[in-house]
Structure formats: C-alpha cells, structure tokens
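S.K.: Starting off with a structure, shown below.
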Amino acid sequence: MNRLLWWQKGLVGFAIAVLAFLYLPIVVLVIFSFNDSKVTSFPLSGFTLHWYIQVLANSQMLTALGNSLYVAVFATLISVVVGVLAALALHRYDFPGKRLFQNVLILPLSLPGIVTGIAMLNFYKQIGIPQSLGAVIIGHATALMGIVVSQVLARLSRLNPRLLEASADLGVRPFATFWHVTLPSIRSAVIGSALLCFTLSFDEIPVTYFLTGRDVTLPIYIYSTLRRGITPEINAIGTMIVAASILIIILSVRLLRDRGQ
C-alpha cells in the first residue's frame with residue numbers, strides 16, 4: 001500500500017477538520033439535551049431525561065411540531081405529484097416556451113428565501129389567499145417543485161425509450177406503461193427528491209415566516225423562543241429531530257438499495 005504524500009495528508013486533515021466543524025455542534029446539542037442543568041456549559045452537572053419529558057409536556061411545542069409535519073407532508077405530496085407530471089411533460093413533449101417553463105420551475109431554488117416569501121405574500125394578498133398553514137403549504141410546494149422536476153428529469157433522460165416503444169407495440173395502455181415501466185425506473189429519484197423536499201419544508205423559515213398566520217411551525221417557534229436563550233427543551237427536540245433524520249436516511253437507503261444484490 002502506497003503511503004500518502006504530505007499534501008495528501010494535508011487534504012485528509014483539512015477534510016476531517018471541516019467535517020468536525022460541521023457535525024461537532026450536533027454532537028454538543030445531543031450531549032446538552034441530557035445535561036441535568038439549565039445552563040448549557042461544561043462541565044456537565046449530570047445525566048437526565050427530564051428535558052425530553054418537558055418536551056412531551058409542552059403543548060405549544062408539540063402543536064408547532066404537528067404543524068411542521070402537516071405542512072411538510074402535504075407540501076411534499078404536492079411537489080412530488082405536480083413535479084413528476086411536469087418532468088414527464090418536459091421529457092416527452094416539445095412545445096413553445098419549453099425551455100422557459102423549465103427555467104421558471106427551477107427559479108425558486110436560486111432565489112433567496114426572503115425574496116420568495118415577500119413575493120408570495122404580495123401575490124396571495126392580491127388573489128385573496130389568507131396567511132395560514134394552507135398558504136405555507138402552497139408556498140413550500142411551489143418553491144420545492146424544482147427539486148423534483150430536476151431529479152426526475154435527469155433520471156428520465158437515462159431511460160431507454162425502446163422500453164416505452166415496446167410497451168406501446170404490445171398494446172399496453174399509457175397508464176400501465178407508466179406504472180410498470182417508467183415509475184420503477186424513476187422510483188429512486190422520486191423517493192430521494194421527496195425526502196429532500198420533506199426535510200427542506202420541515203425546517204424552512206423565510207417563506208414560512210411571511211405566509212403563516214396564527215399557527216406557527218416548529219422552526220418559527222424555536223426562533224421566537226431564542227430571545228430568551230437556548231433552553232434544554234430546544235436541545236431535546238433538536239436531538240429528537242436528528243434521530244428521526246437518521247432513521248429516515250437509513251430507511252431511504254434500504255428502499256433504494258438494489259434487492260437483486
């Protein structure tokens with residue numbers, strides 16, 4: 001085995017330092033969620049699960065968590081359904097303004113969230129959509145649809161068109177062809193983009209801040225409580241979200257893994 005050169009060792013060390021800088025705060029958050037003290041400082045005073053019990057007893061935090069899950073689930077469903085249909089249309093048909101249509105779908109991804117939020121707030125007021133969780137769902141779905149379109153369209157570009165032609169020659173209906181030929185080919189892209197949309201919608205702040213009404217989501221609730229400082233309850237709910245994210249990642253890997261291997 002060849003030894004690493006000095007500059008290669010430097011790159012490895014730099015990569016490790018960057019990863020540590022990114023993930024060490026998460027480790028610290030998890031540690032302080034079990035600290036038997038309201039003061040988030042070392043040394044730790046003891047081990048406790050009290051703050052997790054406090055989270056489960058905090059009705060406002062649980063309501064905000066439920067709102068975040070509600071918004072993320074429905075925004076993801078709308079993004080996936082509309083995004084897949086848009087990707088299929090862009091892949092199969094040529095029509096005037098096709099390139100412009102594709103760029104418009106992806107445009108919200110390149111805009112700052114605060115710009116998107118203000119624009120949507122002004123537009124929704126003009127058409128009579130009040131500030132509510134429903135408006136947040138529409139806003140998130142609109143902003144995140146480009147992720148689904150780009151991912152599914154990239155996967156469709158690698159789909160062998162002869163498979164679709166063979167299915168049509170055999171007299172299979174278009175929906176059956178989509179269900180048995182196209183969908184299995186783009187399944188991993190659909191699942192991956194859906195998980196990404198769910199994650200981004202769950203922790204989104206700028207668009208949510210402008211479109212939500214009296215019902216707040218968990219990120220907005222946490223942001224409002226930061227005026228009093230970071231509390232152990234926030235560390236606990238953050239740890240729970242990290243654990244849930246890890247489970248989602250493991251589940252997605254298992255779903256996307258080739259069962260034939």
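Labels for the structure tokens follow display order: chains A, B, ..., residues from 1 in each chain, ligands from 1.
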I'd like a table as a Markdown table: residues in segment 114-142 of chain A with an atom no more than 10 Å from segment 216-223 of chain A, each row giving the shortest atom pair and its distance in Å to one decimal, only C-alpha atoms counted, sorted by chain and rising residue number.

M.R.:
```
| residue | atom | partner | partner_atom | distance |
| --- | --- | --- | --- | --- |
| A:Ser132 | CA | A:Val216 | CA | 9.0 |
| A:Leu133 | CA | A:Val216 | CA | 8.1 |
| A:Val136 | CA | A:Thr217 | CA | 9.8 |
```

S.K.: I'd like the contact shell of Pro25 of chain A - 12 Å cut-off, only C-alpha atoms, skipping same-chain residues fewer than 5 positions apart - returned as a list in words.

M.R.: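 So, after excluding close chain neighbours, the residues are Leu19, Ala20, Val30, Ile31, Phe32, Asn235, Gly238, Thr239 and Val242 of chain A.
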
S.K.: Near Val181 of chain A, within 8 Å and counting only C-alpha atoms, which residues show up once chain neighbours fewer than 5 positions away are dropped, as a PyMOL selection string?

M.R.: chain A and resi 163-164+176

S.K.: Tell me, counting only C-alpha atoms, for each residue of segment 127-154 of chain A within 10 Å of segment 106-118 of chain A, which pair of atoms is nearest and how far apart they are in Å to one decimal, in rows ordered by chain and increasing number, as a tab-separated table.

M.R.:
```
residue	atom	partner	partner_atom	distance
A:Val136	CA	A:Gly117	CA	9.5
A:Gly139	CA	A:Gly117	CA	7.9
A:His140	CA	A:Gly117	CA	9.6
A:Thr142	CA	A:Pro108	CA	7.7
A:Ala143	CA	A:Pro108	CA	5.1
A:Leu144	CA	A:Leu109	CA	7.1
A:Met145	CA	A:Ile106	CA	7.6
A:Gly146	CA	A:Ile106	CA	4.4
A:Ile147	CA	A:Ile106	CA	7.4
A:Val148	CA	A:Ile106	CA	9.6
A:Val149	CA	A:Ile106	CA	7.9
A:Ser150	CA	A:Ile106	CA	7.6
```

S.K.: Find the residues near Phe74 of chain A: any atom within 8 Å, counting only C-alpha atoms, skip ones fewer than 4 places away on the same chain, and give them as a compact mmCIF listing (two decimals) with C-alpha atoms, in the first residue's frame.

M.R.:
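Writing the result to around37.txt gives the following:
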```txt
# COMPACT_ATOMS: atom_id res chain seq x y z
CA TYR A 70 -48.56 18.69 8.47
CA ILE A 78 -47.98 18.31 -3.97
CA ILE A 137 -48.09 24.51 2.03
```

S.K.: With distances taken over only C-alpha atoms, which residue among A:Ser79, A:Gln102, A:Ser193, A:Ser245 lies nearest Val152 of chain A?

M.R.: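 With only C-alpha atoms as the atom set, the closest residue is A:Ser193.
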
S.K.: Rounded to one decimal in Å, what is the spacing between atom CA of Ser224 of chain A and atom CA of Gln60 of chain A?

M.R.: 12.1 Å

S.K.: Just how far from atom CA of Tyr124 of chain A is atom CA of Leu100 of chain A, in Å to one decimal?

M.R.: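 Atom-to-atom, atom CA of Leu100 of chain A to atom CA of Tyr124 of chain A, that is 23.2 Å.
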
S.K.: What's around Leu159 of chain A at 9 Å? Count only C-alpha atoms, leave out sequence neighbours fewer than 3 positions away in its own chain, and write the answer as a VMD selection string.

M.R.: chain A and resid 155 to 156 162 to 163 182 185 to 186

S.K.: Could you pull out the residues in segment 38-209 of chain A that DSSP calls alpha helix (DSSP H) from the backbone, as a ChimeraX atom specification?

M.R.: /A:50-57,59-92,98-110,113-127,133-156,161-169,174-177,183-202,206-209
